[in-house]
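Novice: One structure, as structure tokens, below. Some questions next.
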Amino acid sequence: MKIAIIAPSSVPFTIGGAENLWWGLLTSINQDTPHQAELIKLPSPERNFWEIVESYQHFCQLDLTYFDLVLSTKYPAWMVNHPNHLCYMQHRLRGLYDTYSLGGCTDLNVQYPQEVIAIQQFMSVNQGRRSSLNDFFLKLAALRAKVDSTSESLTFPGLLIREIVHFLDGVGLAKTAIKKYTAISYTVANRNTYFPVGSSVEVIYHPSNLRDFRRGSSDYLFTVCRLDNAKRVALLIQAMHSVKTNIELRIAGTGPAAESLQKMAGDNQKIVFLGFVNDQQLTELYADALAVLYVPYNEDYGLVTIEAMMSAKPLLTTTDAGGPNEFVRNGETGYSVPPDPEAIAQRIDYLCEHVQEARQMGLNGRKLVQDITWENTVAKLLGETKPPIVSTPVKKRKRITVALTFPVFPPRGGGQVRAFHLYRHLARWFDIELVCFTNANDAPLRAEIAPGLTEIRIPKSAQHQREELAIEQQVGVPITDIVMPQLYPLTPAYVEALRASTATSDFIVACHPYLLPAIQAVSNQPIWYEAQDVEVALKQRVLPDNPTGHKLLDATRQVEQECCQVSTLIWVCCQEDAQRLNQIYGVDSSKILEVPNGVDIETVNYVSLEDRHSWKSKLGLNASSFTALFMGSWHSPNLAAVGSIFQIAEQLPQVNFLIIGSVGLAFKHEKRPANVGFMDVVDDETKAVILGLADVALNPVTFGSGTNLKMLEYFASGIPVISTPIGVRGLGVEAGGHCIVVDIEDFAEAIAELKAEDLTNKEIRVKKARQYVQEKFDWQAISQRLFNRLTQMNLV
């Protein structure tokens, strides 16, 4: 059976409980059953009235009839029309259902225009009728064209959008549309208006994606969650001020309330904020806690509960927490107390005074949840109480080890972005391990960073780091990768990690050539070379003209040449790089595959030029201000590009230049024009805001190889782009059609002309660029083409 797991992709993209559920289902169906599953996501922004409407409409129009079964868990994905549709509900749009009244929404005095009244009447007589959807969306389109977006009718959240979403959910979740209703918890199953009246709902619990749970010591209290108001960490902080026992509360997580919570904690030494923690750190924190505290308001399910109990830890929660109370049994697996700081404090002191009792509660909890496994969850969902008899053996997935000189997750620089997205999409067909070096002061890591994709991170030894820094001081530029062939043996832990991973791998990828000697030292398996650049040409522009520089350049040429010779396949970013490798090293072109740089199109929000002006106004910015953006990592072509921007900025004092990324770290102490600002490395949410506000994106690079990831991200987000010819190398873009291409000395003039250009012409160009990227450079499409080629070559 071919199964589609259909889901929304949040804009901007974030990873939470929903994403972990989809990944877990996908992996389990493909690995534990004879069925085949695909996760299909559509970008689903929900920041305003019309984004909600459009998201619902997109799923209504999606044709998935080529699948045997469709599985949805969340709005608006369940609008898909399919004859065999299973709903495994996480929740509806809670702000328009069970928490609507908490948002302070009032619609009592709104005067609705006749068009709105007509739509309300249409909904009242067409409840549950899918045949009415075409007319319904036409009426909404007519409303959008006639009613100003600032109208009270279009408030979000508000009465009209609430009525629309209820109407659409009534169609998508009608008894005639869904073959089977299931829910992730009784809390969800019992919510009023979530399921059609009289429908039968089966509750199926699902596990966490964390692995290697264990019970360690009992040293502190622990909680983990997004730091926002709904999780009510403030209750725990207030309680800790009253706790008599000398014990720490360690709080993991990030979020909008982080700063206010830290202020609330004040100088209380018993409250420790950990910030973001990776999966390995998280399991360790669970393992060594005395108890886990989790006090959200009316949580749908709460994976923290399952994770705590799998770690044999008692859970302390509140009576209004929702899902956690389905597992907490007072005195047996933990405690549920009123949402009052003093009540929580008293129970914390009790657990601290009765450690053996707390440990026994933890063991009881682990026994309670031990059968919540992905295999059992999927079997119940699909109605298969035991694994079916398979007439033909399931083909075993092949394994790939990738050797890298840098850590990958979270991806920030271009190389990290490429590695993360390329291999996470290839992990649909392979089990992949990334064996990465990181700085000596970083913590080691083993974590699944995407389904089927594991990152193993090994810190350099102290000696390795010292010798690298000594060489770097002689050349004045970072040389972590260049010296890796001679220094990697100084970190034996990396060699052993690479040996262990390659022992069961079918293929080994050298991401850049520098770890080829390490690969050859531990394995005889076939090597694929991922040539992100022509290294010798790139390093020649960077290394100094002195004996040390010459020696390092010779070493680079030698390792790159050998990597080209011994590899059975070479992946290049563009044909220009393939030609240069052939010219320099005589590489056999038959073993070269073009695997271009790409962009994860569903995570990049397209913002029209008109919306950019409105965004500025909403943020209190001058709508007439003009901002030119450059993004880059600490990479020699980018460093030179920033120098060019300084010169351009002096010619255009009325233009604001904003530079983001680690490239800014190299200019901390440099004198710069007053109209140039730096933001260094930013998180994804901040970058999304910047990409939505900029008026033009620049790519003033004048040398380098490979292709520029920043160009694809610029195009995908809808920003007009000005680039040098080098900046568009390998992308096949149409100069003037997708972006403006000029030599570096003409940049100032091109920016001034773009600033004055007609809005319509600019809009045509950016839309064409977005479409081009979507068709040619989406990571999912790139990985699919690569897999098809590997299949044709009988390698998989």
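So you can find residues: chains in the structure tokens are A, B, ... in the order shown, residues in each start at 1, and ligands are numbered from 1 in order.
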Taking the backbone alone, and naming residues the way the document does, which bits of segment 332-428 of chain A are strand (DSSP E or B) by DSSP, as a list in words?

Specialist: Gly334, Tyr335, Ser336, Val337, Lys398, Arg399, Ile400, Thr401, Val402, Ala403 and Leu404 of chain A

Novice: Select from segment 462-565 of chain A everything DSSP, run on the backbone, classes as helix (DSSP H, G or I), then give the selection as an MDAnalysis selection string.

Specialist: chainID A and resid 462:475 484:490 492:502 516:522 535:540 547:565

Novice: Taking into account only C-alpha atoms, which residue in the set A:Gly737, A:Tyr66, A:Pro45, A:Glu375 is nearest to Asn761 of chain A?

Specialist: A:Gly737

Novice: Excluding Asp340 of chain A and its own-chain neighbours fewer than 2 positions away, which residues fall within 10 Å of it when counting only C-alpha atoms? Please give them as an NGL selection string.

Specialist: :A and (235-236 or 238-239 or 318 or 337-338 or 342-345)

Novice: With N, CA, C and O atoms retained, could you export that selection as a short mmCIF file (atom, residue, chain, number, x, y, z; two decimals), in the first residue's frame?

Specialist:
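As a result, part25.cif now contains:
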data_model
loop_
_atom_site.label_atom_id
_atom_site.label_comp_id
_atom_site.auth_asym_id
_atom_site.auth_seq_id
_atom_site.Cartn_x
_atom_site.Cartn_y
_atom_site.Cartn_z
N LEU A 235 5.07 29.56 36.34
CA LEU A 235 4.56 28.85 37.53
C LEU A 235 5.69 28.13 38.26
O LEU A 235 5.75 28.12 39.49
N LEU A 236 6.56 27.50 37.48
CA LEU A 236 7.66 26.75 38.08
C LEU A 236 8.67 27.69 38.75
O LEU A 236 9.21 27.39 39.82
N GLN A 238 8.04 30.68 39.98
CA GLN A 238 7.41 31.17 41.22
C GLN A 238 7.48 30.10 42.31
O GLN A 238 7.74 30.41 43.49
N ALA A 239 7.26 28.85 41.90
CA ALA A 239 7.31 27.77 42.88
C ALA A 239 8.72 27.60 43.46
O ALA A 239 8.89 27.39 44.66
N THR A 318 0.09 19.73 36.50
CA THR A 318 -1.04 20.42 37.12
C THR A 318 -2.35 19.82 36.63
O THR A 318 -2.42 19.21 35.56
N VAL A 337 -1.11 18.49 40.61
CA VAL A 337 -1.55 19.40 41.68
C VAL A 337 -2.23 20.61 41.05
O VAL A 337 -2.11 20.86 39.84
N PRO A 338 -2.95 21.41 41.83
CA PRO A 338 -3.55 22.63 41.29
C PRO A 338 -2.48 23.55 40.71
O PRO A 338 -1.33 23.54 41.17
N GLU A 342 2.51 27.54 45.24
CA GLU A 342 2.75 26.94 46.55
C GLU A 342 2.49 25.44 46.53
O GLU A 342 3.22 24.65 47.15
N ALA A 343 1.44 25.02 45.82
CA ALA A 343 1.14 23.59 45.73
C ALA A 343 2.26 22.85 45.01
O ALA A 343 2.64 21.73 45.39
N ILE A 344 2.79 23.47 43.97
CA ILE A 344 3.91 22.86 43.23
C ILE A 344 5.15 22.79 44.12
O ILE A 344 5.83 21.76 44.17
N ALA A 345 5.43 23.86 44.86
CA ALA A 345 6.60 23.90 45.73
C ALA A 345 6.53 22.81 46.80
O ALA A 345 7.53 22.14 47.10
#

Novice: Determine the nearest neighbour of Arg457 of chain A from the options A:Arg129, A:Asp611, A:Gln280, A:Leu274, counting only C-alpha atoms.

Specialist: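 Closest residue, counting only C-alpha atoms: A:Gln280.
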
Novice: Find the residues around segment 361-374 of chain A up to 6 Å (only C-alpha atoms counted), leave out those fewer than 5 positions away in its own chain, and share them as a list in words.

Specialist: His206, Pro207, Met309, Met310, Ala312, Lys313, Pro314, Glu332 and Thr333 of chain A
